[in-house]
Structure formats: structure tokens, C-alpha cells
Amino acid sequence: MEHKKLIQAALEARIFSYSPYSGFAVGAALLCEDGSVYTGCNIENAAFTPTNCAERTAFFKAVSEGKRRFKAVAIVGGPAEKEPETLCSPCGVCRQVMMEFCCPQDFLVILGRADLSFEEYRLCELLPLGFAGDGVKKSGEDKPV
Ligand code: THU
């Protein structure tokens with residue numbers, strides 16, 4: 001799928017952002033290896049820590065429906081009252097969630113703007129020497145990458 005279509009899907013997901021505390025609305029669109037797309041928005045909470053970022057919303061929706069293999073994620077974000085003009089880079093927690101399910105050398109993180117312009121990065125650039133959990137696994141289930 002073309003990057004701009006994925007950014008467009010992220011912009012549409014951003015409309016549903018629940019961000020009354022920060023006023024910062026984020027949307028994400030996650031492209032699975034099978035071509036399906038899962039979207040997400042940030043969902044804030046009065047107690048602050050339960051807040052979920054848009055990227056994790058998209059990942060958790062996909063994984064909870066059986067998807068484990070991903071190609072790229074598009075992210076758009078900025079002040080809710082206007083269209084995103086600047087890039088929104090994923091937080092460290094979201095980078096670590098990506099690390100769990102994606103190959104850091106291959107997985108693309110596309111940072112988009114409302115005009116559909118973008119910058120793209122590999123996960124390994126955004127999370128160098130990321131913790132992949134080698135030696136942690138107890139069950140026989142293989143990691144997806
Ligand atoms: N946020 C995201 O959803 N994704 C990011 O990549 C950065 C931050 C959200 C969390 C919070 O609801 C708001 O943006 C301000 O930090």
C-alpha cells in the first residue's frame with residue numbers, strides 16, 4: 001500500500017482521538033503483511049497513566065484479531081484544533097511495542113502531515129539496540145519475527 005493512503009487512514013483515525021487533557025490528537029494506521037490495515041487514536045484518561053497512544057491502540061486492535069506480522073505504521077499528530085503540520089514521533093513505550101512484533105530492520109515508521117508529506121524511518125533507527133527479549137521467553141510460542 002502506498003504511504004499516502006496509509007497517512008490518509010491515520011488522519012481519518014485521528015478524528016476519533018479522545019484527548020481532552022492534552023488537546024493533542026494522534027492517529028495511526030498499521031499495515032499488516034496480508035495487506036489489511038488497523039487504525040487507532042490516542043485515548044486519554046483523567047488518571048493520566050491509563051492513556052493509550054494511537055500507535056498502541058492500532059497494534060493492540062490488530063494483535064487481538066490474530067495479526068502478528070506488520071510492514072509499516074503511519075502516524076499523524078498535533079494540536080487537536082488544527083490539521084497536523086509537524087511530525088509526531090512515537091514515544092518510547094510505543095517503539096518497544098513495535099519491537100515485540102516487528103523486525104527492526106524492515107518495519108517502516110512513516111511520520112505524516114495533513115498535506116500527506118512524510119518522513120520515513122526504520123524501527124532500528126528509532127530504537128537502536130532495542131530490547132528484543134532474547135532469553136526471556138518461557139513458553140514455546142515463537143516470537144513473530
Ligand atoms: N501520543 C500518541 O498517541 N502517540 C505518540 O506518538 C505521542 C503521544 C499521545 C499521548 C497523549 O494522549 C498525547 O499524545 C500527548 O502526549
# chains A, B, ... in the order shown; residues from 1 in each chain; ligands from 1

call {"tool": "residues_near_ligand", "arguments": {"ligand": "ligand 1", "cutoff": "8 Å", "atoms": "only C-alpha atoms and all ligand atoms", "output": "ChimeraX atom specification"}}
result
/A:18-19,21-27,41-44,51-56,75,77-78,88-91,94

call {"tool": "residues_around", "arguments": {"residues": "A:Leu6", "least_positions_apart": "2", "cutoff": "12 Å", "atoms": "only C-alpha atoms", "output": "ChimeraX atom specification"}}
result
/A:1-4,8-13,27-32,35-39,71-76,108-113,116-118

call {"tool": "select_by_dssp", "arguments": {"residues": "stretch 14-144 of chain A", "states": "helix (DSSP H, G or I)", "output": "ChimeraX atom specification"}}
result
/A:14,54-63,92-101,123-126

call {"tool": "atom_distance", "arguments": {"atom1": "atom CA of A:Glu83", "atom2": "atom CA of A:Phe60"}}
result
25.4 Å

call {"tool": "atom_distance", "arguments": {"atom1": "atom CA of A:Glu65", "atom2": "atom CA of A:Glu141"}}
result
17.2 Å

call {"tool": "residues_around", "arguments": {"residues": "A:Pro128", "least_positions_apart": "4", "cutoff": "9 Å", "atoms": "only C-alpha atoms", "output": "list of chain:residue names"}}
result
A:Pro104, A:Leu123, A:Cys124

call {"tool": "residues_around", "arguments": {"residues": "A:Phe101", "least_positions_apart": "4", "cutoff": "12 Å", "atoms": "only C-alpha atoms", "output": "count of residues only"}}
result
28

call {"tool": "closest_residue", "arguments": {"among": "A:Leu129, A:Ile7, A:Ala80, A:Val93", "to": "A:Pro20", "atoms": "only C-alpha atoms"}}
result
A:Ala80

call {"tool": "select_by_dssp", "arguments": {"residues": "stretch 1-142 of chain A", "states": "strand (DSSP E)", "output": "MDAnalysis selection string"}}
result
chainID A and resid 24:32 37:41 70:79 108:112 118:122

call {"tool": "write_last_selection", "arguments": {"atoms": "N, CA, C and O atoms", "output": "compact mmCIF listing (two decimals), in the first residue's frame"}}
result
# COMPACT_ATOMS: atom_id res chain seq x y z
N PHE A 24 -3.97 17.17 22.36
CA PHE A 24 -3.04 16.72 21.31
C PHE A 24 -3.63 15.44 20.71
O PHE A 24 -3.72 14.41 21.37
N ALA A 25 -4.06 15.53 19.46
CA ALA A 25 -4.78 14.41 18.83
C ALA A 25 -3.86 13.65 17.88
O ALA A 25 -3.18 14.26 17.05
N VAL A 26 -3.85 12.33 18.03
CA VAL A 26 -2.95 11.48 17.24
C VAL A 26 -3.77 10.38 16.57
O VAL A 26 -4.73 9.85 17.13
N GLY A 27 -3.36 10.05 15.34
CA GLY A 27 -3.96 8.92 14.62
C GLY A 27 -2.86 8.03 14.08
O GLY A 27 -1.75 8.51 13.78
N ALA A 28 -3.15 6.75 13.98
CA ALA A 28 -2.16 5.79 13.44
C ALA A 28 -2.88 4.80 12.54
O ALA A 28 -4.06 4.49 12.74
N ALA A 29 -2.16 4.33 11.52
CA ALA A 29 -2.69 3.27 10.65
C ALA A 29 -1.57 2.25 10.44
O ALA A 29 -0.48 2.59 10.00
N LEU A 30 -1.88 1.01 10.80
CA LEU A 30 -0.90 -0.08 10.81
C LEU A 30 -1.18 -1.02 9.65
O LEU A 30 -2.28 -1.57 9.53
N LEU A 31 -0.17 -1.18 8.79
CA LEU A 31 -0.32 -2.06 7.62
C LEU A 31 0.23 -3.44 7.97
O LEU A 31 1.41 -3.59 8.33
N CYS A 32 -0.63 -4.44 7.86
CA CYS A 32 -0.24 -5.83 8.13
C CYS A 32 0.37 -6.43 6.86
O CYS A 32 0.12 -5.96 5.75
N VAL A 37 -5.39 -3.24 7.14
CA VAL A 37 -4.97 -2.03 7.87
C VAL A 37 -5.80 -1.90 9.14
O VAL A 37 -7.03 -2.02 9.10
N TYR A 38 -5.11 -1.67 10.26
CA TYR A 38 -5.79 -1.41 11.53
C TYR A 38 -5.45 0.01 11.96
O TYR A 38 -4.28 0.40 11.92
N THR A 39 -6.47 0.76 12.35
CA THR A 39 -6.23 2.15 12.74
C THR A 39 -6.41 2.32 14.24
O THR A 39 -7.01 1.47 14.92
N GLY A 40 -5.90 3.43 14.75
CA GLY A 40 -6.05 3.73 16.17
C GLY A 40 -5.90 5.21 16.42
O GLY A 40 -5.36 5.95 15.59
N CYS A 41 -6.43 5.64 17.58
CA CYS A 41 -6.25 7.03 18.02
C CYS A 41 -5.79 7.00 19.46
O CYS A 41 -5.87 5.95 20.12
N PHE A 70 3.67 -7.38 10.50
CA PHE A 70 3.38 -6.00 10.10
C PHE A 70 4.48 -5.43 9.21
O PHE A 70 5.65 -5.80 9.35
N LYS A 71 4.06 -4.53 8.33
CA LYS A 71 5.03 -3.91 7.40
C LYS A 71 5.36 -2.47 7.77
O LYS A 71 6.51 -2.05 7.64
N ALA A 72 4.34 -1.69 8.16
CA ALA A 72 4.55 -0.25 8.35
C ALA A 72 3.45 0.34 9.21
O ALA A 72 2.34 -0.21 9.29
N VAL A 73 3.78 1.47 9.83
CA VAL A 73 2.75 2.24 10.54
C VAL A 73 2.89 3.70 10.12
O VAL A 73 4.01 4.21 10.00
N ALA A 74 1.76 4.35 9.86
CA ALA A 74 1.75 5.79 9.61
C ALA A 74 1.20 6.48 10.85
O ALA A 74 0.23 5.99 11.45
N ILE A 75 1.82 7.59 11.22
CA ILE A 75 1.43 8.32 12.43
C ILE A 75 1.26 9.80 12.08
O ILE A 75 2.11 10.38 11.39
N VAL A 76 0.16 10.38 12.54
CA VAL A 76 -0.06 11.82 12.38
C VAL A 76 -0.53 12.37 13.73
O VAL A 76 -1.33 11.73 14.42
N GLY A 77 -0.04 13.54 14.09
CA GLY A 77 -0.48 14.10 15.37
C GLY A 77 -0.13 15.55 15.51
O GLY A 77 0.77 16.06 14.83
N GLY A 78 -0.86 16.21 16.40
CA GLY A 78 -0.62 17.61 16.69
C GLY A 78 -1.80 18.18 17.45
O GLY A 78 -2.76 17.45 17.75
N PRO A 79 -1.75 19.48 17.74
CA PRO A 79 -2.85 20.12 18.46
C PRO A 79 -4.19 19.83 17.79
O PRO A 79 -4.31 19.94 16.56
N LEU A 108 8.70 -0.15 8.81
CA LEU A 108 8.75 1.27 8.46
C LEU A 108 7.84 2.10 9.35
O LEU A 108 6.66 1.75 9.53
N VAL A 109 8.36 3.18 9.87
CA VAL A 109 7.57 4.14 10.65
C VAL A 109 7.45 5.40 9.80
O VAL A 109 8.46 6.07 9.54
N ILE A 110 6.24 5.69 9.37
CA ILE A 110 6.01 6.81 8.45
C ILE A 110 5.37 7.95 9.25
O ILE A 110 4.28 7.80 9.81
N LEU A 111 6.08 9.06 9.33
CA LEU A 111 5.58 10.22 10.08
C LEU A 111 4.99 11.20 9.06
O LEU A 111 5.73 11.72 8.20
N GLY A 112 3.68 11.42 9.16
CA GLY A 112 3.00 12.20 8.12
C GLY A 112 2.44 13.52 8.61
O GLY A 112 2.32 13.77 9.81
N PHE A 118 5.69 13.39 4.16
CA PHE A 118 6.10 12.50 5.25
C PHE A 118 7.61 12.33 5.29
O PHE A 118 8.33 12.66 4.35
N GLU A 119 8.06 11.79 6.43
CA GLU A 119 9.42 11.26 6.55
C GLU A 119 9.27 9.81 6.96
O GLU A 119 8.34 9.48 7.69
N GLU A 120 10.20 8.97 6.51
CA GLU A 120 10.09 7.56 6.90
C GLU A 120 11.38 7.07 7.54
O GLU A 120 12.47 7.49 7.15
N TYR A 121 11.21 6.22 8.54
CA TYR A 121 12.33 5.68 9.30
C TYR A 121 12.14 4.18 9.46
O TYR A 121 11.01 3.69 9.48
N ARG A 122 13.23 3.46 9.61
CA ARG A 122 13.16 2.05 10.02
C ARG A 122 13.10 2.04 11.54
O ARG A 122 13.69 2.91 12.21

call {"tool": "atom_distance", "arguments": {"atom1": "atom CA of A:Glu85", "atom2": "atom CA of A:Asp115"}}
result
7.7 Å

call {"tool": "closest_residue", "arguments": {"among": "A:Asp34, A:Ala114, A:Gly135, A:Cys103", "to": "A:Lys82", "atoms": "only C-alpha atoms"}}
result
A:Ala114
